[in-house]
Every structure is written in structure tokens, then in C-alpha cells.
There are 2 protein chains.
Amino acid sequence: MSRAALPTFAQVREAAARITPYAVVTPVLRSAALNALSGADLHFKCENLQRGGAFKFRGACNAVWSLDDAVAARGVVTHSSGNHGNALALAAATRGIPAHVIVPEGAVRTKLEAIERAGAILHRCEATQAAREAKAEEVRAATGAELVHPYADTRVMAGQGTASLELLQQAAGLDAVITPVGGGGLNAGTAIAVHGMAPHIDVHGAEPMGADDAARSLALGHRVGPFVPDTICDGLRTLIGESNFEALRMHRVEVVTVSDEEVIAAMKLLWNELKIVVETSSATVLAAVLKRPERYQGRRVGLILSGGNVDLDALPW
Amino acid sequence: MSRAALPTFAQVREAAARITPYAVVTPVLRSAALNALSGADLHFKCENLQRGGAFKFRGACNAVWSLDDAVAARGVVTHSSGNHGNALALAAATRGIPAHVIVPEGAVRTKLEAIERAGAILHRCEATQAAREAKAEEVRAATGAELVHPYADTRVMAGQGTASLELLQQAAGLDAVITPVGGGGLNAGTAIAVHGMAPHIDVHGAEPMGADDAARSLALGHRVGPFVPDTICDGLRTLIGESNFEALRMHRVEVVTVSDEEVIAAMKLLWNELKIVVETSSATVLAAVLKRPERYQGRRVGLILSGGNVDLDALPW
């Protein structure tokens, strides 16, 4: 299941109001050195400083607080052991409702500990997509918990769009906004939010070459099938969702693909120049801007740094 | 020379007005996880996000813009190859005047490159304090450049105090503010700024055990002599300045000493929980709060994270 109605711009604004009491208005950072290097005027929206260390809290929080009291009381469930699982656990805690997170064998221990610390109930299963979905369905049937999909969910996409509502208020006069593309929840939400506020601003995506399904799908004009990802960007190994892809097409999103080497170099630049911890997936956006100077030079560009959850004992350089 | 008149609170406020066009109003970050761990309500002032990656830009910028035009035209000189040298180079560039930085043999290459990139003229000398001071005097005599000492300088101390003026506006109701202590420019400026605004707030310092001259000096009631530092905190290996020490004594600053192991553990916590890059010196303040829970539990504490200039290829864990 990767189809869900796209949110309207009004739903993005409603999401912003809904999550205001819980989410952080993340700062926008700039760097003279990175401006000089890129020839562009860069505005970095720091979602690594969001609750849970990733933009995912926005969508999860909007989903949790969209539920009727009776539905909410039965809890929420998801099958992401990454940033979305953690975000849903944190969001459920803000409402005092149960969160069930399906975790496949072999998931990173530190991530599971974080999810458990946030108060979620973990359910283990095999590491296949089918096993995860089956387990989620089993938990849903047993508990009545509401499934909150990581990206193919109207409420989630609306929530992710709120980062750009803030960004456009914090950085005036942007010409383009660029986000990483995995399942496409962030990019679709961004396109809807940005074009709701300012239809002339370009929305771009950045994708690792080893998971370039969105770029290939846009080039072909239809969504490609499942593929085996080969990239260091663990947050972007997902096939883009069906409606997410439609949003990218409708909003004429341009996707730039970057190599893992370019991602690592950009990640190190972000750490060194902005003095912040960002994960590989986040670095795709700077890598894209540096790779295509002709697209960005002389322009004001907003870059959404998606998260900062890394293993400090296993840095990629 | 480590004596300079202490700035007044009025001078700190003047410094704030003077540096406003050039310095970043750095954000204050919070973390539910670190609050839970410490039992205190922690407010982190992120000077690692300041221009040049350290609070040092504040003092250097105030010194540079305090000069008469005729004096300024001859430039500025300092004998710090660390964050202060870089900050002075950046500050001089904002006024379009020459900056001379004395760099001892063996100084870290990446730091020298940053200083050169900021537009400073490097002057090499032997790695002793005497050689550095002699070289600075030589440059001063030859060029007429104004010496801007890293911490024993009224203008520098006033500038460093501006971080706390901002902090107290950003985080209401603080009970204590804690800063790292090296030469004592930041801590003295902080004490003057904080007590100028709110005399009831405690000002604390954090010092590595291997460079605990301020703690020992306060215990003895007089400033100890030169010592051989043994700590991973490269920014804090300095003997506290004479007037800086007097400021600490006058303002009843309490200094907590921490081991290098405690610093490294705190540094990793800051990276993981706040998602920011801070250097070892900065981590002393969190290490101090975690080491002395009885002093901080239940209190609202401001912690000044002094800088984020680290070698990503040589992390201490």
C-alpha cells in the first residue's frame, strides 16, 4: 500500500496549527563559506534539530493529533524502525496513547533503544517488507491501532510540508527549495506547501544514484517497480510512493542524483561549516547544489536538512 | 602581559550594539533527554554556530570596531593560532583592515588554512610563548598594528560577555550560567554581563582537571603560576589571566573540574542529543553539570557551548 490522497495546501496549514504545541520551530542556518563554494545563497532548514532528530516528527505528530479521541485511544502502529518509527513513538507520547512499532531482525540496536525509550511497544518480525506489513496488520487487527504509514499517508505528507511553511517565513525571497527524496513524503508535502504559498518557487529533489527511482520514474513518465537499493543513505532506500510520485510530477519537481562519494563530501562540509550533525540522507541536498552549479548559482535556495541520527562510532569517512 | 582593566556592564552593552551588524544571534537549544539525564532544565547557548565557529568572534569583533579609523587602518595583530586568531582575521575582514596572526611551528594545518582563508597574514615563529610574544611585538613595531590579546583585553572580555546578554533574553528565569574556563575571557565577560542584568544568578566555570589553574587559584585565594597542561581540551590549556582571575573572585564564580573521560562522554551526548558539532572545550560545561547533580538538579541552567572547531578525522572516541 503506497497510495494515499495528497493533502491540500489547507491541510498543510491545519497540520502546522495542530503540531505547533509539540514541534520545534527549527532554525535556518547560513554559511559564508558554503555560499562562496556554491555561488548560491543557501538557507539550511535544520530538521536535524527537530524532536527526535528528524522532520519525521512533523508528519507523525500531525497523524496522531488528527485522530478522534476514540480512535486515538487504541493507539497507532507503523512498520518503520528508522526515524519514522521513533517519531511516531514520540508523537504518541505527546498524546499519551500507545505506539506499536514493527522492527525487523537486524535493525540497528541504538535506533531500537531510542524507540523503546520514547515509550513504544516493539514487535519483532523477519526483515522482509511482506513480513513487516503482515506483522503491522496483525497488530492492527489485535489492538485496533491506527496504521500510520511513513510516507503514503495524507496526514503524514501534510505534516512534512509544515517545515517549508516555516522556511518560507524564515528566509524571504527563495527561488528554489530542495529536499531529499526517499518515499517522497517530505518532497510531496514540500511541493504542496511551497506552491501553496508561492507558485513561482522551484521545488527540487535530491536522490542517491543507488536509489534513483524517483529520477528514473520522472524521466519515464511512470513509476518504476521495486529495486534493490545500493546507497549509504539509509533513509532513502525506499521506492517512491504512488501518490508521492504523482505530486512530484504535478509540481514539476526536478530530481538531481548524486553519488555516495558526493554525499559523504557534502556531509563533511555541513559538519565542518555549519557545525551540525546531519545524516547521509540530509547531505544529498548540498551534494546536488554543488553538483549542478548552473542550476543554482546566483539563486536563493532553501535546503531541507532532513535529520541528524547517525552512529558516531561508524562515520562514513 | 595578562592584565587588562575589566570591562563595565555598560561596556558589555556597548559591545553588543557594536557587533550586532556582524555577529550571529546564536540559537539556544534544549533537549528533553539531557534534561532527564541531568535532572536540570538546561539551555544551551550555541556559540559553535557563531561566525568562525566560536564565541571568540564576539570579542575580536568588538576590539576591531572599537578602534579609531587611523589606528584601525594599521591593522591588528595577535599570537593565537586557535579560535581567537581565526576570529580576529574574520573580524578584521568585516572592517577591511589587515590582520596579522603569529603562528608557532607545529600549529594545526587546517586551522592555519582557515585563518589564511579569512584573509590574515601569517607570521611563523618558534612554539614557545616567549617567541610568540616577541614576534607579535616585532610585527606591531613594524606595522603599527594594534595587539588584540585573546583574553587579557578589556574590549575582548566585553565582547565575550555579549553571549550572555543574548542568553538571558532567550531563556528567562535562569538560576545559573556556566562557561568553560581557559584564559578566563569568556567567564569574566559572562560574570559581568550576567550580574549586570541579574545579580542573583550564579556564574560557574568548568575546567579540565589537567588545566585546573582557575580552580586551584580560587581555592588558594591567589593566582597560581604557569603550569604544564595535560588535557584533551586544546582551547583551555591557558593560565587564567590576572584580571580575569580577579573577575572570577569578585563575582564568586564556582569552578567545577572534570576529567577528560567525562568531557568525551559529555561531548558525545551533545552530538547525539543536540545534533550539533561542539569541540572538547565546550563539553566541559555539560560534564560539570552531570558531575555535580546536587548543584544543578531542579534548577534552570544556561550552558555556553563555546565552539565547534574539531578535526572530523581525529575524533576523541
# chains A, B, ... in the order shown; residues from 1 in each chain; ligands from 1
>>> interface_residues(of="chain A", to="chain B", cutoff="6 Å", atoms="only C-alpha atoms", output="VMD selection string")
chain A and resid 275 to 277 308
>>> residues_around(residues="Pro208 (chain A)", least_positions_apart="2", cutoff="7 Å", atoms="only C-alpha atoms", output="ChimeraX atom specification")
/A:206,210-212,231,257-260,284
>>> atom_distance(atom1="CA of His200 (chain A)", atom2="CA of Ala188 (chain A)")
16.2 Å
>>> residues_around(residues="Glu254 (chain B)", least_positions_apart="5", cutoff="12 Å", atoms="only C-alpha atoms", output="list in words")
Ala176, Val177, Ile178, Thr179, Pro180, Val181, Asn187, Ala191, Asp202, Val203, His204, Gly205, Ala206, Glu207, Ala214, Ala215, Arg216, Ser217, Leu218, Ala219, Phe245, Ala247, Leu248, Arg249, Ala288, Arg292 and Arg295 of chain B
>>> residues_around(residues="region 193-199 of chain B", least_positions_apart="3", cutoff="7 Å", atoms="only C-alpha atoms", output="PyMOL selection string")
chain B and resi 9+12+161+164-165+189-190
>>> atom_distance(atom1="CA of Thr128 (chain A)", atom2="CA of Gly106 (chain A)")
10.9 Å
>>> residues_around(residues="region 169-173 of chain B", least_positions_apart="3", cutoff="8 Å", atoms="only C-alpha atoms", output="list in words")
Val28, His43, Leu165, Glu166, Arg300 and Gly302 of chain B
>>> select_by_dssp(residues="region 249-305 of chain B", states="strand (DSSP E)", output="list in words")
Glu254, Val255, Val256, Thr257, Val258, Arg300, Val301, Gly302, Leu303, Ile304 and Leu305 of chain B
>>> write_last_selection(atoms="N, CA and C atoms", output="PDB file, in the first residue's frame")
ATOM      1  N   GLU B 254      32.110  29.800  40.899  1.00  0.00           N
ATOM      2  CA  GLU B 254      32.449  28.467  41.390  1.00  0.00           C
ATOM      3  C   GLU B 254      32.949  27.682  40.186  1.00  0.00           C
ATOM      4  N   VAL B 255      34.103  27.056  40.308  1.00  0.00           N
ATOM      5  CA  VAL B 255      34.654  26.302  39.170  1.00  0.00           C
ATOM      6  C   VAL B 255      34.598  24.810  39.462  1.00  0.00           C
ATOM      7  N   VAL B 256      33.988  24.068  38.569  1.00  0.00           N
ATOM      8  CA  VAL B 256      33.893  22.608  38.671  1.00  0.00           C
ATOM      9  C   VAL B 256      34.943  22.003  37.750  1.00  0.00           C
ATOM     10  N   THR B 257      35.737  21.059  38.250  1.00  0.00           N
ATOM     11  CA  THR B 257      36.740  20.424  37.384  1.00  0.00           C
ATOM     12  C   THR B 257      36.249  19.050  36.928  1.00  0.00           C
ATOM     13  N   VAL B 258      36.602  18.727  35.697  1.00  0.00           N
ATOM     14  CA  VAL B 258      36.135  17.471  35.092  1.00  0.00           C
ATOM     15  C   VAL B 258      37.297  16.760  34.389  1.00  0.00           C
ATOM     16  N   ARG B 300      17.255  25.936  36.620  1.00  0.00           N
ATOM     17  CA  ARG B 300      17.335  26.326  35.209  1.00  0.00           C
ATOM     18  C   ARG B 300      18.754  26.818  34.944  1.00  0.00           C
ATOM     19  N   VAL B 301      19.447  26.133  34.077  1.00  0.00           N
ATOM     20  CA  VAL B 301      20.869  26.397  33.894  1.00  0.00           C
ATOM     21  C   VAL B 301      21.166  26.766  32.444  1.00  0.00           C
ATOM     22  N   GLY B 302      21.882  27.864  32.240  1.00  0.00           N
ATOM     23  CA  GLY B 302      22.376  28.237  30.917  1.00  0.00           C
ATOM     24  C   GLY B 302      23.791  27.711  30.744  1.00  0.00           C
ATOM     25  N   LEU B 303      24.045  27.029  29.652  1.00  0.00           N
ATOM     26  CA  LEU B 303      25.381  26.477  29.399  1.00  0.00           C
ATOM     27  C   LEU B 303      25.915  27.079  28.107  1.00  0.00           C
ATOM     28  N   ILE B 304      27.069  27.708  28.180  1.00  0.00           N
ATOM     29  CA  ILE B 304      27.623  28.297  26.961  1.00  0.00           C
ATOM     30  C   ILE B 304      28.521  27.281  26.264  1.00  0.00           C
ATOM     31  N   LEU B 305      28.069  26.856  25.089  1.00  0.00           N
ATOM     32  CA  LEU B 305      28.853  25.929  24.267  1.00  0.00           C
ATOM     33  C   LEU B 305      29.785  26.794  23.429  1.00  0.00           C
TER      34      LEU B 305
END
>>> atom_distance(atom1="CA of Thr20 (chain B)", atom2="CA of Ala36 (chain A)")
22.4 Å
>>> decode(residues="region 95-196 of chain B", atoms="C-alpha atoms", output="PDB file, in the first residue's frame")
ATOM      1  CA  ARG B  95      36.321  46.298   8.566  1.00  0.00           C
ATOM      2  CA  GLY B  96      38.630  45.753   5.604  1.00  0.00           C
ATOM      3  CA  ILE B  97      41.803  46.138   7.682  1.00  0.00           C
ATOM      4  CA  PRO B  98      44.895  43.898   7.843  1.00  0.00           C
ATOM      5  CA  ALA B  99      45.105  41.115  10.442  1.00  0.00           C
ATOM      6  CA  HIS B 100      48.465  39.645  11.429  1.00  0.00           C
ATOM      7  CA  VAL B 101      48.413  36.284  13.162  1.00  0.00           C
ATOM      8  CA  ILE B 102      51.544  34.808  14.732  1.00  0.00           C
ATOM      9  CA  VAL B 103      51.579  31.047  14.248  1.00  0.00           C
ATOM     10  CA  PRO B 104      54.001  28.786  16.070  1.00  0.00           C
ATOM     11  CA  GLU B 105      55.726  25.825  14.424  1.00  0.00           C
ATOM     12  CA  GLY B 106      53.563  22.740  14.671  1.00  0.00           C
ATOM     13  CA  ALA B 107      50.214  24.557  14.647  1.00  0.00           C
ATOM     14  CA  VAL B 108      47.359  22.527  13.168  1.00  0.00           C
ATOM     15  CA  ARG B 109      47.367  22.874   9.382  1.00  0.00           C
ATOM     16  CA  THR B 110      43.582  23.042   8.984  1.00  0.00           C
ATOM     17  CA  LYS B 111      43.406  25.907  11.497  1.00  0.00           C
ATOM     18  CA  LEU B 112      46.114  27.824   9.651  1.00  0.00           C
ATOM     19  CA  GLU B 113      44.326  27.321   6.356  1.00  0.00           C
ATOM     20  CA  ALA B 114      41.118  28.694   7.866  1.00  0.00           C
ATOM     21  CA  ILE B 115      42.957  31.762   9.184  1.00  0.00           C
ATOM     22  CA  GLU B 116      44.584  32.324   5.805  1.00  0.00           C
ATOM     23  CA  ARG B 117      41.245  31.860   4.046  1.00  0.00           C
ATOM     24  CA  ALA B 118      39.815  34.570   6.281  1.00  0.00           C
ATOM     25  CA  GLY B 119      42.428  36.886   4.780  1.00  0.00           C
ATOM     26  CA  ALA B 120      45.008  37.178   7.562  1.00  0.00           C
ATOM     27  CA  ILE B 121      48.770  37.482   7.100  1.00  0.00           C
ATOM     28  CA  LEU B 122      50.550  34.619   8.882  1.00  0.00           C
ATOM     29  CA  HIS B 123      53.881  35.111  10.653  1.00  0.00           C
ATOM     30  CA  ARG B 124      55.713  31.973  11.702  1.00  0.00           C
ATOM     31  CA  CYS B 125      57.773  31.616  14.861  1.00  0.00           C
ATOM     32  CA  GLU B 126      59.024  29.030  17.350  1.00  0.00           C
ATOM     33  CA  ALA B 127      56.467  27.276  19.520  1.00  0.00           C
ATOM     34  CA  THR B 128      57.297  28.981  22.828  1.00  0.00           C
ATOM     35  CA  GLN B 129      55.187  31.646  24.489  1.00  0.00           C
ATOM     36  CA  ALA B 130      58.210  33.975  24.583  1.00  0.00           C
ATOM     37  CA  ALA B 131      58.860  33.568  20.845  1.00  0.00           C
ATOM     38  CA  ARG B 132      55.213  34.235  20.069  1.00  0.00           C
ATOM     39  CA  GLU B 133      55.083  37.395  22.149  1.00  0.00           C
ATOM     40  CA  ALA B 134      58.407  38.619  20.714  1.00  0.00           C
ATOM     41  CA  LYS B 135      57.159  38.028  17.177  1.00  0.00           C
ATOM     42  CA  ALA B 136      53.909  39.849  17.907  1.00  0.00           C
ATOM     43  CA  GLU B 137      55.880  42.798  19.266  1.00  0.00           C
ATOM     44  CA  GLU B 138      58.105  42.753  16.186  1.00  0.00           C
ATOM     45  CA  VAL B 139      55.070  42.856  13.877  1.00  0.00           C
ATOM     46  CA  ARG B 140      53.470  45.560  15.988  1.00  0.00           C
ATOM     47  CA  ALA B 141      56.617  47.706  15.851  1.00  0.00           C
ATOM     48  CA  ALA B 142      56.985  47.221  12.093  1.00  0.00           C
ATOM     49  CA  THR B 143      53.353  47.803  11.112  1.00  0.00           C
ATOM     50  CA  GLY B 144      51.774  49.812  13.897  1.00  0.00           C
ATOM     51  CA  ALA B 145      49.118  47.080  14.190  1.00  0.00           C
ATOM     52  CA  GLU B 146      47.075  47.026  17.408  1.00  0.00           C
ATOM     53  CA  LEU B 147      47.636  43.996  19.643  1.00  0.00           C
ATOM     54  CA  VAL B 148      44.409  42.195  20.472  1.00  0.00           C
ATOM     55  CA  HIS B 149      45.143  39.713  23.249  1.00  0.00           C
ATOM     56  CA  PRO B 150      42.951  36.578  23.304  1.00  0.00           C
ATOM     57  CA  TYR B 151      41.609  37.202  26.838  1.00  0.00           C
ATOM     58  CA  ALA B 152      43.589  39.883  28.714  1.00  0.00           C
ATOM     59  CA  ASP B 153      41.914  42.695  26.814  1.00  0.00           C
ATOM     60  CA  THR B 154      39.059  44.859  28.046  1.00  0.00           C
ATOM     61  CA  ARG B 155      37.393  45.005  24.627  1.00  0.00           C
ATOM     62  CA  VAL B 156      37.680  41.256  24.176  1.00  0.00           C
ATOM     63  CA  MET B 157      36.176  40.466  27.594  1.00  0.00           C
ATOM     64  CA  ALA B 158      33.312  42.897  26.926  1.00  0.00           C
ATOM     65  CA  GLY B 159      32.621  41.213  23.592  1.00  0.00           C
ATOM     66  CA  GLN B 160      32.597  37.730  25.085  1.00  0.00           C
ATOM     67  CA  GLY B 161      30.030  38.930  27.643  1.00  0.00           C
ATOM     68  CA  THR B 162      27.529  39.665  24.888  1.00  0.00           C
ATOM     69  CA  ALA B 163      26.717  35.956  24.501  1.00  0.00           C
ATOM     70  CA  SER B 164      25.117  36.032  27.936  1.00  0.00           C
ATOM     71  CA  LEU B 165      23.186  39.227  27.266  1.00  0.00           C
ATOM     72  CA  GLU B 166      21.503  37.286  24.475  1.00  0.00           C
ATOM     73  CA  LEU B 167      21.151  34.103  26.520  1.00  0.00           C
ATOM     74  CA  LEU B 168      19.312  35.875  29.331  1.00  0.00           C
ATOM     75  CA  GLN B 169      16.850  37.311  26.830  1.00  0.00           C
ATOM     76  CA  GLN B 170      16.375  33.966  25.087  1.00  0.00           C
ATOM     77  CA  ALA B 171      15.969  31.881  28.255  1.00  0.00           C
ATOM     78  CA  ALA B 172      14.012  33.559  31.044  1.00  0.00           C
ATOM     79  CA  GLY B 173      14.427  32.765  34.712  1.00  0.00           C
ATOM     80  CA  LEU B 174      17.868  31.155  34.729  1.00  0.00           C
ATOM     81  CA  ASP B 175      19.332  30.232  38.115  1.00  0.00           C
ATOM     82  CA  ALA B 176      22.900  29.727  36.907  1.00  0.00           C
ATOM     83  CA  VAL B 177      25.121  30.200  33.855  1.00  0.00           C
ATOM     84  CA  ILE B 178      28.182  28.045  33.278  1.00  0.00           C
ATOM     85  CA  THR B 179      31.054  28.556  30.808  1.00  0.00           C
ATOM     86  CA  PRO B 180      34.360  26.818  30.114  1.00  0.00           C
ATOM     87  CA  VAL B 181      37.403  28.499  31.695  1.00  0.00           C
ATOM     88  CA  GLY B 182      40.739  28.834  29.876  1.00  0.00           C
ATOM     89  CA  GLY B 183      42.305  32.299  29.929  1.00  0.00           C
ATOM     90  CA  GLY B 184      39.062  33.491  31.500  1.00  0.00           C
ATOM     91  CA  GLY B 185      37.915  35.998  28.878  1.00  0.00           C
ATOM     92  CA  LEU B 186      34.570  34.283  28.378  1.00  0.00           C
ATOM     93  CA  ASN B 187      33.937  33.587  32.035  1.00  0.00           C
ATOM     94  CA  ALA B 188      34.871  37.107  33.187  1.00  0.00           C
ATOM     95  CA  GLY B 189      32.756  38.713  30.469  1.00  0.00           C
ATOM     96  CA  THR B 190      29.892  36.374  31.353  1.00  0.00           C
ATOM     97  CA  ALA B 191      30.066  37.216  35.063  1.00  0.00           C
ATOM     98  CA  ILE B 192      29.994  40.950  34.335  1.00  0.00           C
ATOM     99  CA  ALA B 193      27.129  40.607  31.852  1.00  0.00           C
ATOM    100  CA  VAL B 194      25.023  38.238  33.944  1.00  0.00           C
ATOM    101  CA  HIS B 195      25.424  40.138  37.197  1.00  0.00           C
ATOM    102  CA  GLY B 196      24.800  43.422  35.398  1.00  0.00           C
TER     103      GLY B 196
END
